[in-house]
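Peer 1: My questions all concern the structure below.
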There are 2 protein chains.
Amino acid sequence: VTVRSAVALARREGHLALDIARRLDAADPLRGFRKRFHLPDGVVYLTGNSLGALPKATVNRLHRAIRAEWGQDLIDSWNKHDWISAPARVGAKIASLIGAEPDEVIVSDSTSMNLFKLLLGALAMRPGRRVVLTEPGNFPTNLYIADGLQRLGLCEVRLAKAPALVDAIDDDVAVVLLTHVHYQSAAAHDMAAFTEAAHSRGALALWDLSHSVGALAVDLNVCGADLAVGCGYKYLNGGPGAPAFQFVGRRHQGEFRSPITGWMGHAAPFAFDDEYVPAAGVRQALCGTPPVLALAALETGVDLVREIGIDGLATKGRALTSFFLQCVSDLEAWSGLSVVSPVDALRRGSHVALRHPDAFAICQALSAYGIVGDFRAPDVLRLGFAPAYIGFEDSWRAAAALRSVLREQRWKEPRFNEKRTVT
Amino acid sequence: VTVRSAVALARREGHLALDIARRLDAADPLRGFRKRFHLPDGVVYLTGNSLGALPKATVNRLHRAIRAEWGQDLIDSWNKHDWISAPARVGAKIASLIGAEPDEVIVSDSTSMNLFKLLLGALAMRPGRRVVLTEPGNFPTNLYIADGLQRLGLCEVRLAKAPALVDAIDDDVAVVLLTHVHYQSAAAHDMAAFTEAAHSRGALALWDLSHSVGALAVDLNVCGADLAVGCGYKYLNGGPGAPAFQFVGRRHQGEFRSPITGWMGHAAPFAFDDEYVPAAGVRQALCGTPPVLALAALETGVDLVREIGIDGLATKGRALTSFFLQCVSDLEAWSGLSVVSPVDALRRGSHVALRHPDAFAICQALSAYGIVGDFRAPDVLRLGFAPAYIGFEDSWRAAAALRSVLREQRWKEPRFNEKRTVT
């Protein structure tokens, strides 16, 4: 049974096809990887797009990093366990997931910090141009970081939404900053087309891969991307607040200068010279001492994604979201729910956004069914289908629970409307 | 037996007084805390000033953070286990160690990153002044970060060494950037005097506490310090590459603006507004998503330092370094060794720097005796006496091994002269 035929069958039969979901799971070549993760019982975890699940291997890897490396070998571990190479080593592994060369990616800091470094770096590579062009509604930290640079007098921020975005690229634009997959809608930009549009006006393209890396087969170099950043704690399963990564294309590495010149970006950090000499290549984008334990967790998560294979993950992710959307396709007619995410699976990330005026309470009510999704202000319910450990039956269960909550108006129960901090 | 009398006795008897060391250990009120750390057998670990040892409690705390929080409660942990407050909560705990108010300190990023943020923040608070004044030979990342700002055209760096440093503070100086305890020599600056000198010319004082926090009783507010940063992985025992902290004095919190405007520094990060509104107080110096596991490790280390008590640690640290220096006081006469660190314990951090043309090989030879020190280019042997877990007998053993290495010229054996990466 293929996904396409199963979805067609579900549509024809007009019901939520649990048996079809089970057949899809049975035919899923990745189904064996679910047991490689710790997942709580009785829960369908659909926020792997926000915080990826814990790989079982990470528990052992961290225990070793804590007890045997830090606890036993202490300072010698910088050499003995090659802590010092971890940012480049893990970066090279991530490179294989995003169509980059091993020496084009390095792990450090947070996505926000890396955006700051690469935006300023891009501006310096386009002297005479002052504009950072990005989209309104982009993930806030992208907008905030650009705004902060503007407040420092280092750039001018221009906002334009696709399709007007392309026309907004003029000779003043130094860099176009776009998020590949939108954090809310899951809409995926055409990376090749926007990058080409930027280049045709002499601008650079900086891509935020936070919601695509580990779930979609990104191909930075085929698309001609100049710079990129991305997140380690979503589909890479690197742990809460895992370090982020940055990509600087080889052709820019001679010219790129990191504006935050920390000692780990020095050509010879352990010479302790007073004078700053940048390291070659992307390594100069390092700054402070690498977060060793967090890097060990991230590396284990990345290793697992590489073992599963990014193409298989991307294929399954599209199938899961398609199946789920098929299962809920009749709800729009009567429930007040609308699908925000693109219908075309190739234009979508691995999560799904649904709009409803009571999305917050609906999200809470779903959790009473063991369906963990998340809410994004003001009215979006977001469900992530991390293909490494989510199956078709999970998708069916989420759809069935959503149907039940909406039909029975469960979300109107006062207990689901208590406000709290939402992450 | 007091330290003073024991040291006097050792001097009078003219030998390395193992029995005295043991009596000092027996009288040490902190001696019970050593067993709260994992330390390798047969080793005297004298690089706790570079990478603090592993508290036993950290193993359990991290296991819980990994399995029960990340693995089981997943995204709910942001609320349920209050991950979201960890940067401020751990910051408040560190505040108690450095003479700051709880809302003046927050944990995030690396020391280098925090230097960048606070230096730029300081420059903005002193409009019309462009100079960052610091010392040659300061820890390199301080110099590099300032240099990077200069390359961006955002400041002018001026270098001056004490005592000329004070005279170099003129009306162009926006901020004086000093490291409290020097990473190499262990010389401690007079924080109150330099801060007052800065203020008398209208400049701000930014202190790097990396080599003092957790070992010395720092009193930022008594000294009138404006801004500070510090390291989590040295005497705070927060783990390799632990996150760093930043201090912004209350009186500056209305005016201070973080230049790197990441989403966690927003007044309402989870509103996902396009417009950046800085959080109140020091929280705006947050940037990306907090590194949860690393914060859990740091918090456990900080809790232990607080339990031991900073005043007792400072007293013991001075006693340990004084005792060690007494034990090696005759070596300068015949071995080519010279003591770099100040003689006055009150002007010294908790490590000791010794200069020798063959310091690298001597450091290697010491490790054959189980004495783990470190080498700092070009010719410094550095030995750290972390008072939480190092004892007087350890200090005696280090002195005895050093004496033996020098007397027998053990460092000349070829195996000790193999060059390698030094951290």
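Residues in the structure tokens are named by chain (A, B, ... in the order shown) and by number from 1 within that chain; ligands are numbered from 1 in the order shown.
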Can you tell me which residues surround Glu101 of chain B at a distance of at most 10 Å, considering only C-alpha atoms, apart from same-chain residues fewer than 3 positions away, and format the answer as a ChimeraX atom specification?
Peer 2: /B:91-98,104-105,220-221,247-250
Peer 1: Restrict the selected residues to N, CA, C and O atoms and save them as a PDB file, in the first residue's frame.
Peer 2:
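After the write, selection_34.pdb holds the following:
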```
ATOM      1  N   GLY B  91      21.351  32.880  37.833  1.00  0.00           N
ATOM      2  CA  GLY B  91      21.981  34.199  37.949  1.00  0.00           C
ATOM      3  C   GLY B  91      21.845  34.761  39.353  1.00  0.00           C
ATOM      4  O   GLY B  91      22.804  35.289  39.932  1.00  0.00           O
ATOM      5  N   ALA B  92      20.660  34.626  39.922  1.00  0.00           N
ATOM      6  CA  ALA B  92      20.428  35.145  41.282  1.00  0.00           C
ATOM      7  C   ALA B  92      21.308  34.426  42.299  1.00  0.00           C
ATOM      8  O   ALA B  92      21.793  35.032  43.263  1.00  0.00           O
ATOM      9  N   LYS B  93      21.514  33.145  42.071  1.00  0.00           N
ATOM     10  CA  LYS B  93      22.394  32.398  42.989  1.00  0.00           C
ATOM     11  C   LYS B  93      23.844  32.865  42.853  1.00  0.00           C
ATOM     12  O   LYS B  93      24.553  33.016  43.853  1.00  0.00           O
ATOM     13  N   ILE B  94      24.284  33.085  41.627  1.00  0.00           N
ATOM     14  CA  ILE B  94      25.646  33.579  41.422  1.00  0.00           C
ATOM     15  C   ILE B  94      25.787  34.975  42.027  1.00  0.00           C
ATOM     16  O   ILE B  94      26.840  35.318  42.588  1.00  0.00           O
ATOM     17  N   ALA B  95      24.723  35.764  41.941  1.00  0.00           N
ATOM     18  CA  ALA B  95      24.759  37.120  42.503  1.00  0.00           C
ATOM     19  C   ALA B  95      25.210  37.102  43.961  1.00  0.00           C
ATOM     20  O   ALA B  95      25.979  37.960  44.406  1.00  0.00           O
ATOM     21  N   SER B  96      24.751  36.084  44.689  1.00  0.00           N
ATOM     22  CA  SER B  96      25.084  36.023  46.116  1.00  0.00           C
ATOM     23  C   SER B  96      26.570  35.773  46.350  1.00  0.00           C
ATOM     24  O   SER B  96      27.071  35.963  47.456  1.00  0.00           O
ATOM     25  N   LEU B  97      27.278  35.313  45.316  1.00  0.00           N
ATOM     26  CA  LEU B  97      28.716  35.028  45.439  1.00  0.00           C
ATOM     27  C   LEU B  97      29.584  36.219  45.071  1.00  0.00           C
ATOM     28  O   LEU B  97      30.802  36.198  45.287  1.00  0.00           O
ATOM     29  N   ILE B  98      28.977  37.229  44.451  1.00  0.00           N
ATOM     30  CA  ILE B  98      29.777  38.321  43.906  1.00  0.00           C
ATOM     31  C   ILE B  98      29.299  39.681  44.401  1.00  0.00           C
ATOM     32  O   ILE B  98      29.605  40.707  43.792  1.00  0.00           O
ATOM     33  N   GLU B 104      20.342  41.383  39.383  1.00  0.00           N
ATOM     34  CA  GLU B 104      21.411  42.052  38.637  1.00  0.00           C
ATOM     35  C   GLU B 104      22.248  41.081  37.788  1.00  0.00           C
ATOM     36  O   GLU B 104      23.123  41.516  37.040  1.00  0.00           O
ATOM     37  N   VAL B 105      21.998  39.802  37.946  1.00  0.00           N
ATOM     38  CA  VAL B 105      22.845  38.806  37.274  1.00  0.00           C
ATOM     39  C   VAL B 105      21.961  37.825  36.519  1.00  0.00           C
ATOM     40  O   VAL B 105      20.916  37.398  37.020  1.00  0.00           O
ATOM     41  N   LEU B 220      30.833  43.286  44.140  1.00  0.00           N
ATOM     42  CA  LEU B 220      30.621  44.236  43.042  1.00  0.00           C
ATOM     43  C   LEU B 220      29.968  45.524  43.513  1.00  0.00           C
ATOM     44  O   LEU B 220      30.414  46.611  43.154  1.00  0.00           O
ATOM     45  N   ASN B 221      28.923  45.423  44.299  1.00  0.00           N
ATOM     46  CA  ASN B 221      28.187  46.635  44.653  1.00  0.00           C
ATOM     47  C   ASN B 221      28.929  47.493  45.671  1.00  0.00           C
ATOM     48  O   ASN B 221      28.871  48.718  45.596  1.00  0.00           O
ATOM     49  N   PHE B 247      26.446  40.691  34.681  1.00  0.00           N
ATOM     50  CA  PHE B 247      25.924  41.554  35.751  1.00  0.00           C
ATOM     51  C   PHE B 247      25.707  42.946  35.174  1.00  0.00           C
ATOM     52  O   PHE B 247      26.605  43.509  34.541  1.00  0.00           O
ATOM     53  N   VAL B 248      24.517  43.491  35.407  1.00  0.00           N
ATOM     54  CA  VAL B 248      24.229  44.894  35.075  1.00  0.00           C
ATOM     55  C   VAL B 248      23.678  45.522  36.348  1.00  0.00           C
ATOM     56  O   VAL B 248      22.608  45.115  36.827  1.00  0.00           O
ATOM     57  N   GLY B 249      24.419  46.458  36.917  1.00  0.00           N
ATOM     58  CA  GLY B 249      23.995  47.099  38.153  1.00  0.00           C
ATOM     59  C   GLY B 249      22.614  47.726  38.013  1.00  0.00           C
ATOM     60  O   GLY B 249      22.271  48.265  36.962  1.00  0.00           O
ATOM     61  N   ARG B 250      21.836  47.629  39.095  1.00  0.00           N
ATOM     62  CA  ARG B 250      20.454  48.133  39.056  1.00  0.00           C
ATOM     63  C   ARG B 250      20.348  49.549  38.531  1.00  0.00           C
ATOM     64  O   ARG B 250      19.448  49.881  37.773  1.00  0.00           O
TER      65      ARG B 250
END
```
Peer 1: Mind checking which residues fall within 6 Å of segment 385-388 of chain B, counting only C-alpha atoms, ignoring those fewer than 6 positions away in the same chain, and posting them as an mmCIF file with all heavy atoms, in the first residue's frame?
Peer 2:
```cif
data_model
loop_
_atom_site.group_PDB
_atom_site.id
_atom_site.type_symbol
_atom_site.label_atom_id
_atom_site.label_comp_id
_atom_site.auth_asym_id
_atom_site.auth_seq_id
_atom_site.Cartn_x
_atom_site.Cartn_y
_atom_site.Cartn_z
ATOM 1 N N LEU B 46 45.279 20.181 39.770
ATOM 2 C CA LEU B 46 45.538 21.607 40.010
ATOM 3 C C LEU B 46 45.196 22.459 38.789
ATOM 4 O O LEU B 46 45.884 23.435 38.470
ATOM 5 C CB LEU B 46 46.996 21.807 40.430
ATOM 6 C CG LEU B 46 47.410 21.073 41.723
ATOM 7 C CD1 LEU B 46 48.852 21.410 42.086
ATOM 8 C CD2 LEU B 46 46.480 21.409 42.892
ATOM 9 N N GLY B 48 41.706 23.225 38.408
ATOM 10 C CA GLY B 48 40.322 23.606 38.679
ATOM 11 C C GLY B 48 40.039 25.052 38.333
ATOM 12 O O GLY B 48 38.886 25.453 38.181
ATOM 13 N N LEU B 313 35.776 29.565 51.358
ATOM 14 C CA LEU B 313 36.552 29.189 50.171
ATOM 15 C C LEU B 313 37.693 30.169 49.939
ATOM 16 O O LEU B 313 38.825 29.776 49.651
ATOM 17 C CB LEU B 313 35.634 29.137 48.945
ATOM 18 C CG LEU B 313 34.700 27.920 48.887
ATOM 19 C CD1 LEU B 313 33.570 28.140 47.880
ATOM 20 C CD2 LEU B 313 35.488 26.665 48.530
ATOM 21 N N LYS B 316 40.436 29.696 52.556
ATOM 22 C CA LYS B 316 41.202 28.477 52.324
ATOM 23 C C LYS B 316 42.064 28.595 51.068
ATOM 24 O O LYS B 316 43.211 28.119 51.041
ATOM 25 C CB LYS B 316 40.270 27.270 52.224
ATOM 26 C CG LYS B 316 41.036 25.957 52.060
ATOM 27 C CD LYS B 316 40.132 24.746 52.014
ATOM 28 C CE LYS B 316 40.924 23.522 51.573
ATOM 29 N NZ LYS B 316 40.042 22.368 51.286
ATOM 30 N N GLY B 317 41.526 29.229 50.019
ATOM 31 C CA GLY B 317 42.302 29.402 48.790
ATOM 32 C C GLY B 317 43.594 30.169 49.054
ATOM 33 O O GLY B 317 44.672 29.804 48.571
ATOM 34 N N SER B 350 43.265 32.284 43.323
ATOM 35 C CA SER B 350 43.468 30.977 43.949
ATOM 36 C C SER B 350 44.383 30.086 43.124
ATOM 37 O O SER B 350 44.435 28.886 43.342
ATOM 38 C CB SER B 350 42.126 30.303 44.204
ATOM 39 O OG SER B 350 42.217 29.460 45.336
ATOM 40 N N HIS B 351 45.111 30.675 42.177
ATOM 41 C CA HIS B 351 46.120 29.883 41.470
ATOM 42 C C HIS B 351 47.474 30.565 41.597
ATOM 43 O O HIS B 351 47.583 31.675 42.124
ATOM 44 C CB HIS B 351 45.732 29.639 40.009
ATOM 45 C CG HIS B 351 45.754 30.831 39.113
ATOM 46 N ND1 HIS B 351 44.698 31.716 39.004
ATOM 47 C CD2 HIS B 351 46.701 31.293 38.257
ATOM 48 C CE1 HIS B 351 44.985 32.646 38.118
ATOM 49 N NE2 HIS B 351 46.204 32.428 37.647
#
```
Peer 1: Here is a test: counting only C-alpha atoms, which residue of A:Ala124, A:Met191, A:Ala225, A:Ala100 is nearest to chain B?
Peer 2: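 Counting only C-alpha atoms, the residue closest to chain B is A:Ala124.
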Peer 1: So that I can see what lies close to Lys117 of chain B, please list as an MDAnalysis selection string the residues with an atom at most 10 Å from it, counting only C-alpha atoms and leaving out residues fewer than 3 positions away in the same chain.
Peer 2: (chainID A and resid 260) or (chainID B and resid 111:114 120:122 145 246 257:261 285:286)
Peer 1: If you run DSSP on the backbone here, which positions in segment 210-330 of chain B get strand (DSSP E)? Please write them as a PyMOL selection string.
Peer 2: chain B and resi 227-230+245-248
Peer 1: Would you save the residues from that selection as a short mmCIF file (atom, residue, chain, number, x, y, z; two decimals), in the first residue's frame, using N, CA, C and O atoms?
Peer 2:
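Output saved as selection.cif:
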```cif
data_model
loop_
_atom_site.label_atom_id
_atom_site.label_comp_id
_atom_site.auth_asym_id
_atom_site.auth_seq_id
_atom_site.Cartn_x
_atom_site.Cartn_y
_atom_site.Cartn_z
N LEU B 227 29.28 46.97 35.46
CA LEU B 227 28.97 45.81 34.64
C LEU B 227 30.00 44.72 34.93
O LEU B 227 31.12 45.04 35.32
N ALA B 228 29.62 43.49 34.72
CA ALA B 228 30.58 42.39 34.93
C ALA B 228 30.15 41.17 34.13
O ALA B 228 28.97 41.02 33.78
N VAL B 229 31.12 40.35 33.84
CA VAL B 229 30.88 39.04 33.22
C VAL B 229 31.71 38.02 33.99
O VAL B 229 32.61 38.38 34.74
N GLY B 230 31.41 36.75 33.77
CA GLY B 230 32.21 35.72 34.41
C GLY B 230 31.89 34.35 33.86
O GLY B 230 30.88 34.16 33.17
N PHE B 245 27.95 34.26 32.82
CA PHE B 245 26.95 35.16 33.40
C PHE B 245 27.32 36.60 33.10
O PHE B 245 28.42 36.92 32.69
N GLN B 246 26.34 37.45 33.32
CA GLN B 246 26.55 38.87 33.13
C GLN B 246 25.82 39.62 34.25
O GLN B 246 24.75 39.21 34.69
N PHE B 247 26.45 40.69 34.68
CA PHE B 247 25.92 41.55 35.75
C PHE B 247 25.71 42.95 35.17
O PHE B 247 26.60 43.51 34.54
N VAL B 248 24.52 43.49 35.41
CA VAL B 248 24.23 44.89 35.08
C VAL B 248 23.68 45.52 36.35
O VAL B 248 22.61 45.11 36.83
#
```
Peer 1: To test your reading of the structure, identify every residue in segment 179-290 of chain A that backbone DSSP assigns to alpha helix (DSSP H), and report it as a list in words.
Peer 2: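 The residues of segment 179-290 of chain A classed as alpha helix (DSSP H) are Met191, Ala192, Ala193, Phe194, Thr195, Glu196, Ala197, Ala198, His199, Ser200, Leu220, Asn221, Val222 and Cys223 of chain A.
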Peer 1: If you count only C-alpha atoms, which residues fall within 9 Å of Arg201 of chain A, apart from same-chain ones fewer than 4 positions away, as a ChimeraX atom specification?
Peer 2: /A:169-171,173,196-197
Peer 1: As JSON, numbers by chain, please: the residues near Thr321 of chain B (cut-off 12 Å, only C-alpha atoms, same-chain neighbours under 4 positions excluded).
Peer 2: {"B": [3, 7, 46, 186, 215, 314, 315, 316, 317, 325, 326, 327, 328, 329, 339, 341, 342, 343, 344, 345, 346, 347, 348, 349, 350, 351, 352, 353, 382, 383, 384, 385, 386, 387, 390, 391, 392, 394, 395, 396, 398, 399]}
Peer 1: Would you kindly return, as a VMD selection string, each protein, DNA or RNA residue with an atom no farther than 9 Å from any atom of segment 266-276 of chain B, considering only C-alpha atoms and excluding same-chain residues fewer than 5 positions away?
Peer 2: (chain A and resid 136 to 141 143 to 145 147 to 148 376 to 378 421 to 423) or (chain B and resid 261 283 to 284 286 to 287)
Peer 1: Measuring atom to atom with only C-alpha atoms, identify which of A:Pro291, A:Gly99, A:Gly265, A:Gly232 is nearest to chain B.
Peer 2: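 Selected residue with least distance to chain B: A:Pro291.
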Peer 1: Could you check the closest approach to chain B for each of A:Arg407, A:His211, A:His38, A:Arg22 and tell me which residue wins, using only C-alpha atoms?
Peer 2: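 So, comparing all the options, the nearest one is A:His38.
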Peer 1: For atom CA of Leu381 of chain B and atom CA of Ala361 of chain B, determine how far apart the two atoms are, in Å to one decimal place.
Peer 2: 9.6 Å
Peer 1: Between atom CA of Phe416 of chain B and atom CA of Gly42 of chain B, what distance in Å does the model show, to one decimal?
Peer 2: 19.5 Å
Peer 1: Do you have the atom CA of Gly238 of chain A-atom CA of Leu293 of chain A distance handy?
Peer 2: 10.6 Å
Peer 1: Point out the residue among A:Leu304, A:Val282, A:Ala193, A:Ala187 with the least atom-to-atom distance to Leu165 of chain A, counting only C-alpha atoms.
Peer 2: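 Looking at the shortest contact to Leu165 of chain A, the residue is A:Ala193.
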Peer 1: Just checking: using only C-alpha atoms, which residue out of A:Val90, A:Val175, A:Ala168, A:Ala296 ends up closest to chain B?
Peer 2: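 Smallest distance to chain B is found for A:Ala296.
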Peer 1: Can you work out which one of A:Cys155, A:Ala205, A:Asp19, A:Ala65 has the shortest atom-to-atom distance to Leu178 of chain A, counting only C-alpha atoms?
Peer 2: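 Selected residue with least distance to Leu178 of chain A: A:Ala205.
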